[in-house]
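Data from target10.cif: mmCIF, C-alpha atoms
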data_input
loop_
_atom_site.group_PDB
_atom_site.id
_atom_site.type_symbol
_atom_site.label_atom_id
_atom_site.label_comp_id
_atom_site.auth_asym_id
_atom_site.auth_seq_id
_atom_site.Cartn_x
_atom_site.Cartn_y
_atom_site.Cartn_z
ATOM 1 C CA MET C 1 0.369 -31.799 28.347
ATOM 2 C CA VAL C 2 -1.245 -28.559 29.492
ATOM 3 C CA ARG C 3 1.699 -26.630 28.051
ATOM 4 C CA ILE C 4 1.321 -28.395 24.711
ATOM 5 C CA LEU C 5 -2.393 -27.648 24.574
ATOM 6 C CA SER C 6 -1.731 -24.011 25.421
ATOM 7 C CA PHE C 7 0.786 -23.794 22.596
ATOM 8 C CA ILE C 8 -1.661 -25.334 20.131
ATOM 9 C CA MET C 9 -4.408 -22.911 21.167
ATOM 10 C CA LEU C 10 -2.016 -19.982 20.850
ATOM 11 C CA PHE C 11 -0.919 -21.160 17.413
ATOM 12 C CA PHE C 12 -4.426 -21.476 16.072
ATOM 13 C CA SER C 13 -5.573 -18.218 17.651
ATOM 14 C CA SER C 14 -2.801 -16.419 15.787
ATOM 15 C CA THR C 15 -3.406 -18.123 12.440
ATOM 16 C CA ALA C 16 -7.111 -18.898 12.200
ATOM 17 C CA PHE C 17 -8.004 -15.275 11.624
ATOM 18 C CA SER C 18 -4.980 -14.372 9.540
ATOM 19 C CA GLN C 19 -5.793 -12.259 6.511
ATOM 20 C CA THR C 20 -4.014 -11.556 3.249
ATOM 21 C CA LEU C 21 -3.054 -8.059 2.168
ATOM 22 C CA LEU C 22 -2.003 -7.476 -1.429
ATOM 23 C CA VAL C 23 0.172 -4.410 -1.980
ATOM 24 C CA LEU C 24 -0.196 -3.209 -5.558
ATOM 25 C CA GLY C 25 2.433 -0.544 -5.943
ATOM 26 C CA ASP C 26 5.498 0.772 -7.724
ATOM 27 C CA SER C 27 9.125 1.377 -6.741
ATOM 28 C CA LEU C 28 8.040 3.105 -3.520
ATOM 29 C CA SER C 29 6.862 -0.272 -2.241
ATOM 30 C CA ALA C 30 9.017 -2.627 -4.314
ATOM 31 C CA GLY C 31 12.209 -1.910 -2.383
ATOM 32 C CA TYR C 32 13.959 0.184 -5.011
ATOM 33 C CA GLN C 33 17.720 -0.519 -5.137
ATOM 34 C CA MET C 34 17.628 -2.718 -2.040
ATOM 35 C CA PRO C 35 17.044 -6.389 -1.191
ATOM 36 C CA ALA C 36 13.353 -7.251 -1.292
ATOM 37 C CA ASN C 37 13.429 -8.401 2.332
ATOM 38 C CA LYS C 38 14.409 -4.879 3.391
ATOM 39 C CA SER C 39 11.343 -3.229 1.853
ATOM 40 C CA TRP C 40 8.570 -1.988 4.125
ATOM 41 C CA PRO C 41 6.031 -4.640 2.980
ATOM 42 C CA ALA C 42 8.511 -7.357 3.982
ATOM 43 C CA LEU C 43 8.896 -5.793 7.441
ATOM 44 C CA LEU C 44 5.179 -5.285 7.996
ATOM 45 C CA PRO C 45 4.040 -8.836 8.974
ATOM 46 C CA GLU C 46 6.186 -8.932 12.106
ATOM 47 C CA ILE C 47 4.810 -5.608 13.289
ATOM 48 C CA LEU C 48 1.224 -6.664 12.622
ATOM 49 C CA ALA C 49 1.796 -9.965 14.413
ATOM 50 C CA GLN C 50 2.963 -8.030 17.467
ATOM 51 C CA GLN C 51 -0.353 -6.142 17.289
ATOM 52 C CA SER C 52 -2.227 -9.466 17.272
ATOM 53 C CA GLN C 53 -3.247 -8.860 13.673
ATOM 54 C CA PRO C 54 -1.479 -11.682 11.807
ATOM 55 C CA THR C 55 -1.383 -10.811 8.123
ATOM 56 C CA THR C 56 0.146 -12.391 5.058
ATOM 57 C CA ILE C 57 1.599 -9.687 2.831
ATOM 58 C CA ILE C 58 1.767 -10.234 -0.919
ATOM 59 C CA ASN C 59 3.996 -7.531 -2.340
ATOM 60 C CA ALA C 60 2.989 -7.236 -5.992
ATOM 61 C CA SER C 61 4.796 -3.923 -6.461
ATOM 62 C CA ILE C 62 6.971 -3.393 -9.534
ATOM 63 C CA SER C 63 9.323 -0.465 -10.050
ATOM 64 C CA GLY C 64 8.183 1.798 -12.865
ATOM 65 C CA ASP C 65 4.585 0.615 -12.876
ATOM 66 C CA THR C 66 1.882 3.093 -13.778
ATOM 67 C CA SER C 67 -1.773 2.801 -12.837
ATOM 68 C CA GLY C 68 -2.337 1.244 -16.259
ATOM 69 C CA ASN C 69 0.253 -1.460 -15.565
ATOM 70 C CA GLY C 70 -1.363 -2.167 -12.216
ATOM 71 C CA LEU C 71 -4.808 -2.454 -13.788
ATOM 72 C CA ALA C 72 -3.483 -4.901 -16.386
ATOM 73 C CA ARG C 73 -1.908 -7.122 -13.713
ATOM 74 C CA LEU C 74 -4.701 -6.949 -11.157
ATOM 75 C CA PRO C 75 -7.145 -9.629 -12.448
ATOM 76 C CA GLN C 76 -4.495 -12.356 -12.351
ATOM 77 C CA LEU C 77 -3.262 -11.230 -8.937
ATOM 78 C CA LEU C 78 -6.778 -11.329 -7.507
ATOM 79 C CA ALA C 79 -7.427 -14.782 -8.946
ATOM 80 C CA GLN C 80 -4.093 -16.134 -7.732
ATOM 81 C CA HIS C 81 -4.000 -14.738 -4.201
ATOM 82 C CA GLN C 82 -7.662 -14.003 -3.378
ATOM 83 C CA PRO C 83 -6.631 -11.281 -0.917
ATOM 84 C CA ASP C 84 -8.876 -9.964 1.818
ATOM 85 C CA ILE C 85 -7.498 -6.436 1.355
ATOM 86 C CA VAL C 86 -5.795 -4.703 -1.556
ATOM 87 C CA LEU C 87 -3.753 -1.559 -1.050
ATOM 88 C CA ILE C 88 -3.455 0.502 -4.223
ATOM 89 C CA GLU C 89 -0.197 2.469 -4.101
ATOM 90 C CA LEU C 90 0.039 3.653 -7.697
ATOM 91 C CA GLY C 91 0.063 6.881 -9.622
ATOM 92 C CA ALA C 92 3.500 8.338 -8.975
ATOM 93 C CA ASN C 93 4.787 7.227 -12.368
ATOM 94 C CA ASP C 94 1.640 8.542 -14.055
ATOM 95 C CA GLY C 95 2.407 11.916 -12.538
ATOM 96 C CA LEU C 96 6.131 11.855 -13.290
ATOM 97 C CA ARG C 97 5.333 11.068 -16.928
ATOM 98 C CA GLY C 98 2.772 13.845 -17.095
ATOM 99 C CA PHE C 99 -0.221 11.607 -17.831
ATOM 100 C CA HIS C 100 -3.537 13.391 -17.671
ATOM 101 C CA PRO C 101 -5.177 12.832 -14.265
ATOM 102 C CA LYS C 102 -8.249 11.477 -16.059
ATOM 103 C CA ILE C 103 -6.182 8.437 -17.056
ATOM 104 C CA LEU C 104 -5.193 7.876 -13.453
ATOM 105 C CA ARG C 105 -8.765 8.314 -12.265
ATOM 106 C CA ASN C 106 -10.165 5.860 -14.809
ATOM 107 C CA ASN C 107 -7.534 3.221 -14.132
ATOM 108 C CA VAL C 108 -7.826 3.400 -10.351
ATOM 109 C CA SER C 109 -11.617 3.429 -10.584
ATOM 110 C CA GLN C 110 -11.522 0.186 -12.580
ATOM 111 C CA MET C 111 -9.115 -1.362 -10.079
ATOM 112 C CA ILE C 112 -11.415 -0.513 -7.192
ATOM 113 C CA THR C 113 -14.367 -2.030 -9.047
ATOM 114 C CA LEU C 114 -12.465 -5.258 -9.745
ATOM 115 C CA ILE C 115 -11.368 -5.548 -6.124
ATOM 116 C CA LYS C 116 -14.901 -5.061 -4.831
ATOM 117 C CA GLU C 117 -16.289 -7.577 -7.325
ATOM 118 C CA MET C 118 -13.826 -10.117 -5.922
ATOM 119 C CA GLY C 119 -15.236 -9.456 -2.458
ATOM 120 C CA SER C 120 -12.033 -7.844 -1.216
ATOM 121 C CA GLN C 121 -11.582 -4.534 0.593
ATOM 122 C CA PRO C 122 -9.806 -1.877 -1.499
ATOM 123 C CA LEU C 123 -7.666 0.735 0.213
ATOM 124 C CA LEU C 124 -6.304 3.727 -1.671
ATOM 125 C CA MET C 125 -3.146 5.593 -0.818
ATOM 126 C CA GLN C 126 -2.749 9.296 -1.478
ATOM 127 C CA ILE C 127 0.205 9.911 -3.772
ATOM 128 C CA GLU C 128 2.158 13.144 -4.030
ATOM 129 C CA ILE C 129 4.497 14.256 -6.806
ATOM 130 C CA PRO C 130 7.203 16.965 -6.868
ATOM 131 C CA PRO C 131 5.881 20.544 -7.125
ATOM 132 C CA ASN C 132 7.779 21.335 -10.328
ATOM 133 C CA TYR C 133 4.935 20.010 -12.494
ATOM 134 C CA GLY C 134 2.989 23.190 -11.985
ATOM 135 C CA LYS C 135 0.292 24.203 -9.539
ATOM 136 C CA ARG C 136 -2.668 23.292 -11.751
ATOM 137 C CA TYR C 137 -1.400 19.826 -12.655
ATOM 138 C CA ASN C 138 -0.380 19.086 -9.075
ATOM 139 C CA GLU C 139 -3.792 20.059 -7.751
ATOM 140 C CA LEU C 140 -5.610 17.964 -10.357
ATOM 141 C CA PHE C 141 -3.341 15.015 -9.611
ATOM 142 C CA ARG C 142 -3.566 15.309 -5.823
ATOM 143 C CA ASN C 143 -7.341 15.762 -5.828
ATOM 144 C CA THR C 144 -7.858 12.606 -7.880
ATOM 145 C CA TYR C 145 -7.379 10.466 -4.777
ATOM 146 C CA PRO C 146 -9.818 12.094 -2.317
ATOM 147 C CA ASN C 147 -12.363 12.418 -5.137
ATOM 148 C CA LEU C 148 -12.154 8.691 -5.864
ATOM 149 C CA SER C 149 -12.245 7.886 -2.173
ATOM 150 C CA GLN C 150 -15.435 9.871 -1.705
ATOM 151 C CA SER C 151 -17.242 8.867 -4.895
ATOM 152 C CA LEU C 152 -16.451 5.143 -4.590
ATOM 153 C CA ASN C 153 -16.579 4.929 -0.786
ATOM 154 C CA VAL C 154 -13.010 3.681 -0.422
ATOM 155 C CA PRO C 155 -10.760 4.492 2.560
ATOM 156 C CA LEU C 156 -7.959 6.906 1.693
ATOM 157 C CA LEU C 157 -4.658 6.437 3.511
ATOM 158 C CA PRO C 158 -2.179 9.321 3.826
ATOM 159 C CA PHE C 159 0.964 9.302 1.713
ATOM 160 C CA PHE C 160 3.443 7.100 3.536
ATOM 161 C CA LEU C 161 6.393 9.329 2.695
ATOM 162 C CA ILE C 162 4.811 12.458 4.114
ATOM 163 C CA ASP C 163 7.184 12.485 7.107
ATOM 164 C CA ILE C 164 10.083 10.875 5.248
ATOM 165 C CA ILE C 165 10.571 13.282 2.352
ATOM 166 C CA VAL C 166 11.321 16.146 4.727
ATOM 167 C CA GLN C 167 14.301 14.221 6.110
ATOM 168 C CA PRO C 168 17.015 14.180 3.407
ATOM 169 C CA GLN C 169 18.977 11.472 5.219
ATOM 170 C CA LEU C 170 16.050 9.106 4.684
ATOM 171 C CA MET C 171 15.768 9.773 0.952
ATOM 172 C CA MET C 172 17.982 8.586 -1.885
ATOM 173 C CA LYS C 173 19.946 11.086 -3.934
ATOM 174 C CA ASP C 174 17.200 11.210 -6.555
ATOM 175 C CA GLY C 175 14.911 12.784 -3.964
ATOM 176 C CA LEU C 176 12.130 10.374 -4.934
ATOM 177 C CA HIS C 177 12.840 7.074 -3.214
ATOM 178 C CA PRO C 178 13.198 6.233 0.487
ATOM 179 C CA THR C 179 16.397 4.599 1.711
ATOM 180 C CA VAL C 180 16.822 1.265 3.451
ATOM 181 C CA GLU C 181 16.928 3.134 6.748
ATOM 182 C CA ALA C 182 13.491 4.593 6.044
ATOM 183 C CA GLN C 183 11.792 1.234 5.495
ATOM 184 C CA PRO C 184 11.209 0.315 9.179
ATOM 185 C CA LEU C 185 9.712 3.763 9.761
ATOM 186 C CA ILE C 186 7.373 3.327 6.795
ATOM 187 C CA ALA C 187 6.396 -0.140 8.022
ATOM 188 C CA GLN C 188 5.516 1.248 11.449
ATOM 189 C CA PHE C 189 3.531 4.064 9.861
ATOM 190 C CA MET C 190 1.639 1.651 7.615
ATOM 191 C CA ALA C 191 0.890 -0.698 10.495
ATOM 192 C CA GLN C 192 -0.890 2.159 12.250
ATOM 193 C CA GLN C 193 -2.735 3.233 9.114
ATOM 194 C CA LEU C 194 -3.876 -0.308 8.339
ATOM 195 C CA LYS C 195 -4.921 -1.156 11.882
ATOM 196 C CA PRO C 196 -8.575 -0.022 11.540
ATOM 197 C CA TYR C 197 -9.058 -2.206 8.462
ATOM 198 C CA LEU C 198 -7.545 -5.446 9.737
ATOM 199 C CA ASN C 199 -9.772 -7.867 11.584
ATOM 200 C CA LYS C 200 -9.912 -7.838 15.353
ATOM 201 C CA GLU C 201 -10.959 -11.487 15.659
ATOM 202 C CA SER C 202 -7.596 -12.601 16.989
ATOM 203 C CA LEU C 203 -7.443 -10.088 19.834
#

Take the structure from the file and write it as structure tokens.
Amino acid sequence: MVRILSFIMLFFSSTAFSQTLLVLGDSLSAGYQMPANKSWPALLPEILAQQSQPTTIINASISGDTSGNGLARLPQLLAQHQPDIVLIELGANDGLRGFHPKILRNNVSQMITLIKEMGSQPLLMQIEIPPNYGKRYNELFRNTYPNLSQSLNVPLLPFFLIDIIVQPQLMMKDGLHPTVEAQPLIAQFMAQQLKPYLNKESL
């Protein structure tokens, strides 16, 4: 009987304070050219559970999505899932298509506003693009993220491929997408980055 009660208490302690994290991203989070269950968002819950931070991950990432696509999809996603936290991992396709950084800034700004209005916590990820777009464009693009973070008081997470892109064996032949082998490393990295923003109630 005591063992049963202990199990019940353990179960509820690990679920009562569970939160929901919505990942709004592109192919970098969608599991490009791999089974969805191999992508880093699919691997993240187990790691967070081991940290006593049980979290339901909703991976709403779609390959090819721009910030405009994410903005268009966001209201329905917020209404459907009512997430506690939303990670915005978008902008790479804006950059690769040469969209003016003002478009990116406006779209992400609107997403952050919508997330806050829902009562959720927005998190913004820094995105980097290849250097061959020119120094001026790259600087404008890169600076969009810290500028939004500062002006809208939103945490800025470092680019999750920062240590992956320098290891060719962890990148696909296109030089843009991480391999299956890279996904556990990204999941571990993201678990550490997310840790300060996940509740501590279950510790």

Original post:
Quick one: which residues end up in the PyMOL selection byres ((chain C and resi 53-64) around 7) for this structure, as a ChimeraX atom specification?
Top reply: /C:14-15,18-27,29-30,32,41,45,48-49,51-52,65-66,93,198-200,202

**OP:** Identify all residues satisfying the PyMOL selection byres ((chain C and resi 154) around 10) in the given file; provide them as number ranges by chain.
**Re:** C: 112, 116, 121-124, 145-153, 155-157

Subject >> Using only C-alpha atoms: which of C:Met118, C:Leu74, C:Met125, C:Leu176 has the shortest distance to C:Ile88 >> reply: C:Met125

Original post:
Leaving out C:Lys102 and any residue of its chain fewer than 4 positions from it, which residues lie within 9 Å of it when counting all atoms listed in the file, given as a PyMOL selection string?
Top reply: chain C and resi 106-107+141+144

Original post:
How many Å separate atom CA of C:Pro35 from atom CA of C:Thr179?
Top reply: 11.4 Å

Original post:
Can you tell me how far atom CA of C:Glu128 sits from atom CA of C:Asn69, in Å to one decimal?
Top reply: 18.7 Å

Original post:
Can you tell me how far atom CA of C:Leu43 sits from atom CA of C:Pro168, in Å to one decimal?
Top reply: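 Between atom CA of C:Leu43 and atom CA of C:Pro168 the gap works out to 21.9 Å.
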
Original post:
How would you write as JSON, numbers by chain the residues that get within 12 Å of (-10.6, -4.8, -10.3) in the file's frame, counting only C-alpha atoms?
Top reply: {"C": [24, 67, 68, 70, 71, 72, 73, 74, 75, 76, 77, 78, 79, 82, 86, 87, 88, 106, 107, 108, 109, 110, 111, 112, 113, 114, 115, 116, 117, 118, 119, 120, 121, 122]}

Set the distance at 12 Å and use only C-alpha atoms: which residues neighbour C:Gln188 once local chain neighbours fewer than 2 positions away are removed? I'd like the list as a compact mmCIF listing (two decimals) with C-alpha atoms, keeping the file's coordinate frame.
# COMPACT_ATOMS: atom_id res chain seq x y z
CA TRP C 40 8.57 -1.99 4.12
CA PRO C 41 6.03 -4.64 2.98
CA ALA C 42 8.51 -7.36 3.98
CA LEU C 43 8.90 -5.79 7.44
CA LEU C 44 5.18 -5.28 8.00
CA PRO C 45 4.04 -8.84 8.97
CA GLU C 46 6.19 -8.93 12.11
CA ILE C 47 4.81 -5.61 13.29
CA LEU C 48 1.22 -6.66 12.62
CA GLN C 50 2.96 -8.03 17.47
CA GLN C 51 -0.35 -6.14 17.29
CA PHE C 160 3.44 7.10 3.54
CA LEU C 161 6.39 9.33 2.70
CA ALA C 182 13.49 4.59 6.04
CA GLN C 183 11.79 1.23 5.50
CA PRO C 184 11.21 0.32 9.18
CA LEU C 185 9.71 3.76 9.76
CA ILE C 186 7.37 3.33 6.80
CA MET C 190 1.64 1.65 7.62
CA ALA C 191 0.89 -0.70 10.50
CA GLN C 192 -0.89 2.16 12.25
CA GLN C 193 -2.74 3.23 9.11
CA LEU C 194 -3.88 -0.31 8.34
CA LYS C 195 -4.92 -1.16 11.88

Given 5 Å on each side, where is the centre and what are the edge lengths in Å to one decimal of the axis-aligned box enclosing the listed atoms of stretch 154-167 of chain C, as JSON?
{"center_x": 0.6, "center_y": 9.9, "center_z": 3.3, "size_x": 37.3, "size_y": 22.5, "size_z": 17.5}

Original post:
Mind listing as a PyMOL selection string all residues within 10 Å of (14.9, 6.5, -2.7), counting all atoms listed in the file?
Top reply: chain C and resi 27-28+31-34+165+170-180+182

**OP:** For each of C:Asn37, C:Phe159, C:Gln167, C:Asn138, take the minimum atom-to-atom distance to C:Leu90, counting only C-alpha atoms, then give the residue where this is smallest.
**Re:**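 Closest candidate: C:Phe159.
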